[in-house]
Amino acid sequence: MPLNRRKFLKKSAVTGAGVAIASTVGAPAAQAAATGKPARPAKRYALTVLGTTDLHGHVFNWDYFKDAEYSDAKGNAQGLARISTLVNKIRKERGRENTLLLDAGDTIQGTPLTYYYAKVDPITAKGGPVHPMAQAMNAIGYDAVALGNHEFNYGIETLRKFEEQCDFPLLGANALDAKTLKPAFPPYFMKTFRVKGAPPVKVAVLGLTNPGIAIWDKAYVQGKLTFPGLEEQAAKWVPKLRSMGADVVVVSAHSGSSGTSSYGDQLPYVENSAALVAQRVPGIDAILVGHAHVEIPELKVVNDETGKAVVLSEPLAYAERLSLFDIELVFARGRWSVESVAASVLNSNTVADDPRITKLLSDEHAKVVEYVNQVVGTATDTLTTVEARYKDAPIIDLITKVQEDVVKAALAGTPYASLPVIAQASPFSRTSEIPAGEVTIRDLSSLYVYDNTLVAKLMTGAQVRAYLEYSAEYFVQTAADAAVDVAKLTNAGGRPDYNYDYVSGLSYDIDVAQPAGSRIRNLTYGGAALDDARQFVLAVNNYRANGGGAFPHVASAQELWAESTEIRTRIAEWVTAKGVLDPRDFASVDWKLTRDGTPVF
C-alpha cells in the first residue's frame, strides 16, 4: 500500500492569500510601556474552518428508498448540494482565501447512489465513471478528507480508485501498511495562508481514522493494513507538524467523542476517542469529529498537559449540518499563535440546493432512480418493520430465510452440509415497508440499508445461547406488573437497533422482567431443549462476524464460508427467482417477549 507521495506533496502545497487585521493586544502594549515608545498594533488573522462528516453518499435531498424528497419530523434536509450553498455563503462572507473545507470520513457508502457506482457501474471498470462523491466534493472544493471506516466496505481497489479521482488527499495517519508500518495514505495536509503585511499562517490538518476497520472490514484489510489507536498516532504526528512550522493544528477524526467502543476489548484501541485525543495530546487547536452520527455544535476539552481548551465539533451526518470553526490568531514575539477558537453548526435546511451541483450530477442521479425502481416481484401482503423491534416480524424473517438458503447452497457437498443452518438479522429501520403488489429493488434495499455481506460461522448450542442472552440486553427490564410503553422498551444502555439480533431456526422467549443475562427461556431446536454441545452453522453478516457489536463467540468462531455479494443483492435475487413474495414461504414466529412467563403482547 505505497503512499502516493507526488500526489501528497502536490496537495500539501496549496496556498491562499488572506488579510491581516490590525488591533492592540497585551504583549505589544506591555512592551511599549517598558520602552516608552508608542505601541504598534499587533497583527491578527481570522481563519474559518468548515467541516462535514458521515456524508454516506448523500448528494441530494433525496430518499432513494422512498423515491421522494427526503423529509423527517424535525424538518432536516440532506445532501452536498445544500452544503455547497452554505460553503459558498461563508466563503463569500469571509473570503475563500481565508477558509479551509474538511470532512471527517464515511463518504463512499450509504445510499443506492454509492452502491451503484461501486457495484452496478463500478468506478474500477476500465474507462469507468468518476464517482459522484468525487465529482461533487471536487466541485465544492474540499481541501482534505479523513478516511472513514466505510471507505473500506468495497475493498481497497475501489477506495484507491476513488482516491485517484479526488482533487484532495484522503488522510489517515493511523492507516498503516501492515508490513512496513509506514503510512499507507497521507497522514496530514498543510496549507499556507498568505497574510498582507505579516508572515504567512501555516495550518496543518491531521487525519485519523477508526481502529475498528481491522474488525469490520477484516476480509479486505487483514495482512495489508493495520490501524493503531488515534491517541498514539496523534502523539506522534502533532509534534512533527509543529516542528514543521504549523501555526494551527486541526485534527479531522473519524472517531466519536464518547470514549466508548462497540467492539469491547477485541482491540486495544478506543473506537470513539476524539475527546481523549484532545485531552491527552498537546498541541491541537480544534478537532472535527465524525463517526458517531450525533450533533455537537461545540465541545471544549481541557488538555491535561497544557491546560488549554481544545474545541471539538461534530456536524450531523448525511450533510444535514456544516460545522464552522472560527479561529483567531495574533502575531506576537515573532510568531503566530491561536488566541481563540469557537465552533458552531449551520443547518442545511436553511438554504436551497446549489444548482451547479444539481446540474453536475443530474444524469447519475437519474440512472440510480431508474435502477432502484426496477420491479423484481409481487408481494401478497404488506410487510413492515414498524413493530420489528419487539415482535417477531415476517419482514425480518425474510432476511434470515434468504441467508439460510444462500449458506445451505454454499455448503452443499462440504463436510458441514448436514449441520442445521440458523441465521441472524437485525431490525435496521423502523420505517421500512414492502407494500403489497409490485416489489422494486428500492423496496428491498430499504429493508437492508447496509452493504453487509454474508459469512457462515460454526457455533455450538451453548455459544448460541450466550449470543441470544447478549442480544436480549437490548430490552429495558420491565416488571411484570408495570405498564408497557413500546417507546421505552428497547435500546437499553443506548444500544442501537442494529445491535439487536433475531436468530432463526430456534424457538425462545425473552423474559424482560428478568435482569440482563438471565432472559432467554424455553430455548428449543426442533421441538426439543437446545443441546449445548450441538453444532450449528450461523449465517451472519460480516459486521457481526468480525466482532461488530461485541456479540460473544461469533468473532472467534471458525469461519466455514464467506462471500463479497451484498445481502441486499441476495434478497433481490431470492425475490426475483420466486416472483411472488408470500410470507408463507418464510415467516415463522420463533420468539416472543414475556414477563415471568406471560407474553407481553
# chains A, B, ... in the order shown; residues from 1 in each chain; ligands from 1

call {"tool": "closest_atom_pairs", "arguments": {"of": "segment 290-388 of chain A", "to": "segment 204-220 of chain A", "cutoff": "12 Å", "atoms": "only C-alpha atoms", "output": "CSV"}}
result
residue,atom,partner,partner_atom,distance
A:Gly290,CA,A:Thr209,CA,9.3
A:His291,CA,A:Asn210,CA,8.3
A:Ala292,CA,A:Asn210,CA,11.1

call {"tool": "residues_around", "arguments": {"residues": "Val439 of chain A", "least_positions_apart": "4", "cutoff": "6 Å", "atoms": "only C-alpha atoms", "output": "number ranges by chain"}}
result
A: 375-378

call {"tool": "residues_around", "arguments": {"residues": "Ala436 of chain A", "least_positions_apart": "2", "cutoff": "12 Å", "atoms": "only C-alpha atoms", "output": "ChimeraX atom specification"}}
result
/A:377-384,433-434,438-440,443,580-583

call {"tool": "write_last_selection", "arguments": {"atoms": "N, CA and C atoms", "output": "short mmCIF file (atom, residue, chain, number, x, y, z; two decimals), in the first residue's frame"}}
result
data_model
loop_
_atom_site.label_atom_id
_atom_site.label_comp_id
_atom_site.auth_asym_id
_atom_site.auth_seq_id
_atom_site.Cartn_x
_atom_site.Cartn_y
_atom_site.Cartn_z
N GLY A 377 -40.60 -8.39 -8.44
CA GLY A 377 -41.55 -9.39 -7.97
C GLY A 377 -42.85 -8.77 -7.51
N THR A 378 -43.71 -9.62 -6.94
CA THR A 378 -45.01 -9.17 -6.43
C THR A 378 -45.21 -9.69 -5.02
N ALA A 379 -45.64 -8.83 -4.11
CA ALA A 379 -45.88 -9.23 -2.72
C ALA A 379 -47.37 -9.47 -2.49
N THR A 380 -47.68 -10.57 -1.79
CA THR A 380 -49.08 -10.87 -1.49
C THR A 380 -49.60 -10.05 -0.31
N ASP A 381 -48.68 -9.62 0.57
CA ASP A 381 -49.06 -8.87 1.77
C ASP A 381 -48.11 -7.70 1.96
N THR A 382 -48.58 -6.69 2.67
CA THR A 382 -47.69 -5.61 3.07
C THR A 382 -46.84 -6.07 4.26
N LEU A 383 -45.53 -5.85 4.15
CA LEU A 383 -44.60 -6.22 5.21
C LEU A 383 -43.95 -4.96 5.74
N THR A 384 -43.83 -4.85 7.06
CA THR A 384 -43.28 -3.63 7.64
C THR A 384 -42.43 -3.93 8.87
N GLU A 433 -40.88 -0.67 4.58
CA GLU A 433 -42.13 -1.32 4.20
C GLU A 433 -42.02 -1.89 2.79
N ILE A 434 -42.45 -3.12 2.64
CA ILE A 434 -42.59 -3.72 1.32
C ILE A 434 -44.10 -3.80 1.08
N GLU A 438 -46.54 -4.74 -6.60
CA GLU A 438 -45.22 -4.76 -7.22
C GLU A 438 -44.11 -4.45 -6.21
N VAL A 439 -43.04 -5.22 -6.28
CA VAL A 439 -41.89 -5.04 -5.39
C VAL A 439 -40.69 -4.59 -6.22
N THR A 440 -40.05 -3.51 -5.80
CA THR A 440 -38.90 -2.97 -6.52
C THR A 440 -37.61 -3.18 -5.73
N ASP A 443 -37.58 -1.09 -2.65
CA ASP A 443 -38.33 -1.65 -1.52
C ASP A 443 -37.44 -2.59 -0.71
N VAL A 580 -43.00 -14.24 -6.63
CA VAL A 580 -44.04 -13.85 -5.68
C VAL A 580 -43.47 -13.87 -4.27
N LEU A 581 -43.67 -12.77 -3.54
CA LEU A 581 -43.20 -12.66 -2.16
C LEU A 581 -44.37 -12.96 -1.24
N ASP A 582 -44.41 -14.20 -0.74
CA ASP A 582 -45.53 -14.68 0.09
C ASP A 582 -45.00 -15.05 1.46
N PRO A 583 -45.48 -14.41 2.54
CA PRO A 583 -44.98 -14.71 3.88
C PRO A 583 -45.04 -16.20 4.25
#

call {"tool": "residues_around", "arguments": {"residues": "segment 474-477 of chain A", "least_positions_apart": "5", "cutoff": "6 Å", "atoms": "only C-alpha atoms", "output": "list in words"}}
result
Leu489, Thr490, Asn491, Ala492, Val512 and Ala513 of chain A

call {"tool": "write_last_selection", "arguments": {"atoms": "N, CA, C and O atoms", "output": "PDB file, in the first residue's frame"}}
result
ATOM      1  N   LEU A 489     -39.257   0.502  25.712  1.00  0.00           N
ATOM      2  CA  LEU A 489     -39.000  -0.913  25.983  1.00  0.00           C
ATOM      3  C   LEU A 489     -37.643  -1.375  25.464  1.00  0.00           C
ATOM      4  O   LEU A 489     -37.089  -2.363  25.951  1.00  0.00           O
ATOM      5  N   THR A 490     -37.091  -0.660  24.492  1.00  0.00           N
ATOM      6  CA  THR A 490     -35.878  -1.098  23.817  1.00  0.00           C
ATOM      7  C   THR A 490     -34.733  -0.113  24.000  1.00  0.00           C
ATOM      8  O   THR A 490     -34.883   0.923  24.645  1.00  0.00           O
ATOM      9  N   ASN A 491     -33.586  -0.466  23.421  1.00  0.00           N
ATOM     10  CA  ASN A 491     -32.394   0.397  23.408  1.00  0.00           C
ATOM     11  C   ASN A 491     -31.811   0.625  24.789  1.00  0.00           C
ATOM     12  O   ASN A 491     -31.269   1.694  25.086  1.00  0.00           O
ATOM     13  N   ALA A 492     -31.900  -0.384  25.641  1.00  0.00           N
ATOM     14  CA  ALA A 492     -31.308  -0.285  26.981  1.00  0.00           C
ATOM     15  C   ALA A 492     -29.819   0.030  26.878  1.00  0.00           C
ATOM     16  O   ALA A 492     -29.110  -0.541  26.052  1.00  0.00           O
ATOM     17  N   VAL A 512     -38.408 -10.136  29.783  1.00  0.00           N
ATOM     18  CA  VAL A 512     -37.869  -8.806  30.074  1.00  0.00           C
ATOM     19  C   VAL A 512     -38.077  -8.389  31.526  1.00  0.00           C
ATOM     20  O   VAL A 512     -37.594  -7.328  31.939  1.00  0.00           O
ATOM     21  N   ALA A 513     -38.766  -9.204  32.311  1.00  0.00           N
ATOM     22  CA  ALA A 513     -38.868  -8.921  33.748  1.00  0.00           C
ATOM     23  C   ALA A 513     -37.586  -9.328  34.469  1.00  0.00           C
ATOM     24  O   ALA A 513     -37.340  -8.891  35.600  1.00  0.00           O
TER      25      ALA A 513
END

call {"tool": "closest_atom_pairs", "arguments": {"of": "segment 91-159 of chain A", "to": "segment 326-331 of chain A", "cutoff": "12 Å", "atoms": "only C-alpha atoms", "output": "JSON lines"}}
result
{"residue": "A:Arg94", "atom": "CA", "partner": "A:Asp326", "partner_atom": "CA", "distance": 10.4}
{"residue": "A:Asn98", "atom": "CA", "partner": "A:Ile327", "partner_atom": "CA", "distance": 10.5}
{"residue": "A:Thr99", "atom": "CA", "partner": "A:Asp326", "partner_atom": "CA", "distance": 9.7}
{"residue": "A:Leu100", "atom": "CA", "partner": "A:Asp326", "partner_atom": "CA", "distance": 10.8}

call {"tool": "closest_residue", "arguments": {"among": "A:Ala487, A:Val369, A:Ile108, A:Leu316", "to": "Val345 of chain A", "atoms": "only C-alpha atoms"}}
result
A:Leu316

call {"tool": "residues_around", "arguments": {"residues": "Ala118 of chain A", "least_positions_apart": "6", "cutoff": "12 Å", "atoms": "only C-alpha atoms", "output": "PyMOL selection string"}}
result
chain A and resi 57+108-112+124-125+128-133+151-159+161-162+451+565-566
